[in-house]
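Below is one structure; the comments refer to it alone.
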Amino acid sequence: MTAWTAELAEHEDTMALGRRLGALLGRGDLVLLAGPLGAGKTVLVKGIAEGLGVRGRVSSPTFVISRVHPGERATLVHVDAYRLGGDALELDDLDLDTDLEDAVVVIEWGEGFAERLAEDHLLVRIDRRPDDVREVSLTGLPRVVAALTA
């Protein structure tokens with residue numbers, strides 16, 4: 001599987017990667033974010049939103065589970081599946097397969113059960129080292145990973 005890795009030393013590095021991803025993503029793309037609490041998943045989504053031309057505040061949808069952000073290039077559907085606890089039936093209730101046709105869907109904590117929404121998806125793993133540097137790896141969506149390595 002195609003993979004890309006990087007170290008992100010600063011908050012702005014995570015935002016910049018997100019902006020770059022947002023510029024590469026389009027309608028129908030599914031992105032799954034994995035990593036521990038505080039790794040920078042929501043920061044990355046904020047960058048993706050900027051890359052998609054989303055205006056307005058983007059924040060974690062932890063308590064509402066899903067937020068929709070219209071953008072210039074595509075709508076961003078931002079889901080926080082943490083409280084779903086890997087429950088595929090609750091994920092089905094969000095009707096994300098419909099959103100996938102017309103939006104970029106980014107799911108925090110979706111690894112292990114949200115992959116079934118789209119055969120082709122991007123998995124982004126973010127780990128936070130003790131020195132606060134983030135190690136990020138991307139697998140899937142070959143066109144996106146190839147563009148990052150070019």
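As shown in the structure tokens, the chain order sets the letters A, B, ...; within each chain, residues go from 1, and ligands are also counted from 1 in the order they appear.
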Test item: residues at most 7 Å from range 48-61 of chain A, only C-alpha atoms, excluding those fewer than 4 positions along its chain, as a PyMOL selection string = chain A and resi 18-23+42+44+65-67+69-74+76+79-80
inquiry  = What parts of range 17-149 of chain A does DSSP call strand (DSSP E)? I'd like the answer as a ChimeraX atom specification.
reply    = /A:30-34,66-69,75-80,103-108,122-128,134-140
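Among the residues of range 11-68 of chain A, backbone DSSP assigns helix (DSSP H, G or I) to His11, Glu12, Asp13, Thr14, Met15, Ala16, Leu17, Gly18, Arg19, Arg20, Leu21, Gly22, Ala23, Leu24, Lys41, Thr42, Val43, Leu44, Val45, Lys46, Gly47, Ile48, Ala49, Glu50, Gly51 and Leu52 of chain A.
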Mind dumping a table of every range 6-74 of chain A residue within 10 Å of range 130-136 of chain A, with the nearest atom pair and its distance in Å to one decimal, using only C-alpha atoms, sorted by chain and rising number, as CSV?
```
residue,atom,partner,partner_atom,distance
A:Ala6,CA,A:Val136,CA,5.4
A:Glu7,CA,A:Glu135,CA,4.7
A:Leu8,CA,A:Arg134,CA,4.9
A:Ala9,CA,A:Val133,CA,4.6
A:Glu10,CA,A:Val133,CA,7.1
A:His11,CA,A:Arg134,CA,9.2
A:Asp13,CA,A:Arg134,CA,9.3
A:Thr14,CA,A:Arg134,CA,8.3
A:Leu17,CA,A:Val136,CA,9.8
A:Ala34,CA,A:Val136,CA,9.7
A:Gly35,CA,A:Val136,CA,9.3
A:Ala39,CA,A:Arg134,CA,7.0
A:Gly40,CA,A:Arg134,CA,7.9
```
Prev. selection, C-alpha atoms, output as a PDB file, in the first residue's frame:
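Output saved as part.pdb:
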```pdb
ATOM      1  CA  ALA A   6       6.603  13.005   8.005  1.00  0.00           C
ATOM      2  CA  GLU A   7       7.506  14.645  11.293  1.00  0.00           C
ATOM      3  CA  LEU A   8       5.546  17.728  12.274  1.00  0.00           C
ATOM      4  CA  ALA A   9       7.455  19.789  14.813  1.00  0.00           C
ATOM      5  CA  GLU A  10       5.048  22.722  15.179  1.00  0.00           C
ATOM      6  CA  HIS A  11       1.307  23.327  15.295  1.00  0.00           C
ATOM      7  CA  ASP A  13       3.276  22.178  10.370  1.00  0.00           C
ATOM      8  CA  THR A  14       0.105  20.197  11.104  1.00  0.00           C
ATOM      9  CA  LEU A  17      -0.194  19.481   5.976  1.00  0.00           C
ATOM     10  CA  ALA A  34      -6.213   7.817  13.972  1.00  0.00           C
ATOM     11  CA  GLY A  35      -4.132   8.765  16.978  1.00  0.00           C
ATOM     12  CA  ALA A  39      -2.256  14.110  18.762  1.00  0.00           C
ATOM     13  CA  GLY A  40      -3.512  16.894  16.508  1.00  0.00           C
TER      14      GLY A  40
END
```
message = Nearest residue to Trp4 in chain A out of A:Leu138, A:Ala114, A:Ala146, A:Leu123, using only C-alpha atoms?
response =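 With only C-alpha atoms as the atom set, the closest residue is A:Leu138.
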Produce a table with one row for each residue of range 28-86 of chain A that has an atom at most 7 Å from any atom of range 103-107 of chain A, each row naming the nearest atom pair and its distance in Å at one decimal; use only C-alpha atoms; arrange rows by chain and rising residue number; format as a tab-separated table.
```
residue	atom	partner	partner_atom	distance
A:Gly28	CA	A:Ala103	CA	5.7
A:Asp29	CA	A:Val104	CA	5.0
A:Leu30	CA	A:Val105	CA	4.9
A:Val31	CA	A:Val106	CA	4.6
A:Leu32	CA	A:Ile107	CA	5.0
A:Leu33	CA	A:Ile107	CA	6.1
A:Ala74	CA	A:Ala103	CA	5.7
A:Thr75	CA	A:Ala103	CA	4.8
A:Leu76	CA	A:Val104	CA	5.0
A:Val77	CA	A:Val105	CA	4.7
A:His78	CA	A:Val106	CA	5.0
A:Val79	CA	A:Ile107	CA	4.6
A:Asp80	CA	A:Ile107	CA	5.8
A:Ala81	CA	A:Ile107	CA	6.6
```
Selected residues, all heavy atoms, written as an mmCIF file, in the first residue's frame, please.
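Full text of result_34.cif as output:
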```
data_model
loop_
_atom_site.group_PDB
_atom_site.id
_atom_site.type_symbol
_atom_site.label_atom_id
_atom_site.label_comp_id
_atom_site.auth_asym_id
_atom_site.auth_seq_id
_atom_site.Cartn_x
_atom_site.Cartn_y
_atom_site.Cartn_z
ATOM 1 N N GLY A 28 -16.338 13.000 -2.580
ATOM 2 C CA GLY A 28 -16.288 11.549 -2.598
ATOM 3 C C GLY A 28 -15.127 10.955 -1.832
ATOM 4 O O GLY A 28 -15.042 9.741 -1.685
ATOM 5 N N ASP A 29 -14.214 11.798 -1.330
ATOM 6 C CA ASP A 29 -13.063 11.282 -0.594
ATOM 7 C C ASP A 29 -13.410 11.074 0.879
ATOM 8 O O ASP A 29 -14.064 11.905 1.507
ATOM 9 C CB ASP A 29 -11.869 12.226 -0.703
ATOM 10 C CG ASP A 29 -11.203 12.155 -2.061
ATOM 11 O OD1 ASP A 29 -11.356 11.123 -2.758
ATOM 12 O OD2 ASP A 29 -10.523 13.126 -2.442
ATOM 13 N N LEU A 30 -12.933 9.953 1.404
ATOM 14 C CA LEU A 30 -13.090 9.615 2.809
ATOM 15 C C LEU A 30 -11.711 9.613 3.452
ATOM 16 O O LEU A 30 -10.779 8.987 2.939
ATOM 17 C CB LEU A 30 -13.728 8.221 2.960
ATOM 18 C CG LEU A 30 -13.804 7.645 4.377
ATOM 19 C CD1 LEU A 30 -14.718 8.494 5.270
ATOM 20 C CD2 LEU A 30 -14.297 6.198 4.327
ATOM 21 N N VAL A 31 -11.593 10.315 4.577
ATOM 22 C CA VAL A 31 -10.342 10.388 5.325
ATOM 23 C C VAL A 31 -10.619 9.913 6.744
ATOM 24 O O VAL A 31 -11.521 10.424 7.411
ATOM 25 C CB VAL A 31 -9.781 11.828 5.353
ATOM 26 C CG1 VAL A 31 -8.482 11.878 6.146
ATOM 27 C CG2 VAL A 31 -9.596 12.363 3.944
ATOM 28 N N LEU A 32 -9.837 8.939 7.197
ATOM 29 C CA LEU A 32 -9.949 8.440 8.562
ATOM 30 C C LEU A 32 -8.722 8.896 9.339
ATOM 31 O O LEU A 32 -7.594 8.722 8.874
ATOM 32 C CB LEU A 32 -10.024 6.917 8.570
ATOM 33 C CG LEU A 32 -11.137 6.301 7.733
ATOM 34 C CD1 LEU A 32 -11.071 4.781 7.800
ATOM 35 C CD2 LEU A 32 -12.494 6.808 8.159
ATOM 36 N N LEU A 33 -8.947 9.494 10.495
ATOM 37 C CA LEU A 33 -7.853 9.980 11.328
ATOM 38 C C LEU A 33 -7.718 9.101 12.557
ATOM 39 O O LEU A 33 -8.707 8.825 13.243
ATOM 40 C CB LEU A 33 -8.103 11.426 11.763
ATOM 41 C CG LEU A 33 -8.322 12.446 10.656
ATOM 42 C CD1 LEU A 33 -8.535 13.829 11.251
ATOM 43 C CD2 LEU A 33 -7.166 12.452 9.683
ATOM 44 N N ALA A 74 -15.388 22.031 -2.001
ATOM 45 C CA ALA A 74 -16.238 20.909 -1.598
ATOM 46 C C ALA A 74 -16.721 21.153 -0.178
ATOM 47 O O ALA A 74 -16.089 21.883 0.588
ATOM 48 C CB ALA A 74 -15.459 19.589 -1.661
ATOM 49 N N THR A 75 -17.819 20.529 0.162
ATOM 50 C CA THR A 75 -18.316 20.569 1.522
ATOM 51 C C THR A 75 -17.472 19.612 2.364
ATOM 52 O O THR A 75 -17.099 18.535 1.909
ATOM 53 C CB THR A 75 -19.800 20.145 1.558
ATOM 54 O OG1 THR A 75 -20.553 21.130 0.851
ATOM 55 C CG2 THR A 75 -20.324 20.025 2.972
ATOM 56 N N LEU A 76 -17.185 20.019 3.584
ATOM 57 C CA LEU A 76 -16.469 19.171 4.533
ATOM 58 C C LEU A 76 -17.466 18.642 5.552
ATOM 59 O O LEU A 76 -18.186 19.418 6.183
ATOM 60 C CB LEU A 76 -15.377 19.977 5.249
ATOM 61 C CG LEU A 76 -14.702 19.296 6.442
ATOM 62 C CD1 LEU A 76 -13.921 18.065 5.998
ATOM 63 C CD2 LEU A 76 -13.810 20.284 7.178
ATOM 64 N N VAL A 77 -17.531 17.325 5.686
ATOM 65 C CA VAL A 77 -18.306 16.699 6.754
ATOM 66 C C VAL A 77 -17.279 16.168 7.750
ATOM 67 O O VAL A 77 -16.477 15.297 7.423
ATOM 68 C CB VAL A 77 -19.209 15.564 6.227
ATOM 69 C CG1 VAL A 77 -19.944 14.894 7.383
ATOM 70 C CG2 VAL A 77 -20.199 16.097 5.197
ATOM 71 N N HIS A 78 -17.291 16.737 8.946
ATOM 72 C CA HIS A 78 -16.307 16.412 9.990
ATOM 73 C C HIS A 78 -17.023 15.618 11.077
ATOM 74 O O HIS A 78 -17.959 16.105 11.703
ATOM 75 C CB HIS A 78 -15.728 17.720 10.545
ATOM 76 C CG HIS A 78 -14.705 17.537 11.600
ATOM 77 N ND1 HIS A 78 -14.319 18.573 12.418
ATOM 78 C CD2 HIS A 78 -13.960 16.476 11.984
ATOM 79 C CE1 HIS A 78 -13.391 18.149 13.258
ATOM 80 N NE2 HIS A 78 -13.164 16.874 13.016
ATOM 81 N N VAL A 79 -16.574 14.389 11.269
ATOM 82 C CA VAL A 79 -17.212 13.483 12.223
ATOM 83 C C VAL A 79 -16.207 13.118 13.307
ATOM 84 O O VAL A 79 -15.046 12.834 13.019
ATOM 85 C CB VAL A 79 -17.681 12.190 11.516
ATOM 86 C CG1 VAL A 79 -18.300 11.211 12.504
ATOM 87 C CG2 VAL A 79 -18.658 12.516 10.392
ATOM 88 N N ASP A 80 -16.659 13.120 14.546
ATOM 89 C CA ASP A 80 -15.863 12.622 15.655
ATOM 90 C C ASP A 80 -16.559 11.364 16.160
ATOM 91 O O ASP A 80 -17.605 11.436 16.794
ATOM 92 C CB ASP A 80 -15.756 13.667 16.761
ATOM 93 C CG ASP A 80 -14.812 13.249 17.872
ATOM 94 O OD1 ASP A 80 -14.693 12.026 18.126
ATOM 95 O OD2 ASP A 80 -14.188 14.123 18.478
ATOM 96 N N ALA A 81 -15.985 10.211 15.846
ATOM 97 C CA ALA A 81 -16.613 8.926 16.193
ATOM 98 C C ALA A 81 -16.184 8.401 17.556
ATOM 99 O O ALA A 81 -16.503 7.269 17.910
ATOM 100 C CB ALA A 81 -16.289 7.900 15.106
#
```
ask   = Closest to His121 in chain A among A:Glu108, A:Gly140, A:Glu12, A:Leu148, using only C-alpha atoms?
value =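 The answer is A:Gly140, which sits nearest to His121 in chain A.
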Separation of CA of Val45 in chain A from CA of Ala16 in chain A in Å =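 These two atoms are separated by 10.7 Å.
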inquiry  = Quick check, in Å to one decimal: how far apart do CA of Gly38 in chain A and CA of Leu117 in chain A lie?
reply    =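 CA of Leu117 in chain A lies at a distance of 25.7 Å from CA of Gly38 in chain A.
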inquiry  = To one decimal place in Å, what is the distance between CA of Gly110 in chain A and CA of Ala150 in chain A?
reply    = 27.9 Å
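Ranking A:Val144, A:Ile126, A:Val68, A:Ala3 by their shortest atom-to-atom distance to Asp102 in chain A, with only C-alpha atoms included, puts A:Val68 first.
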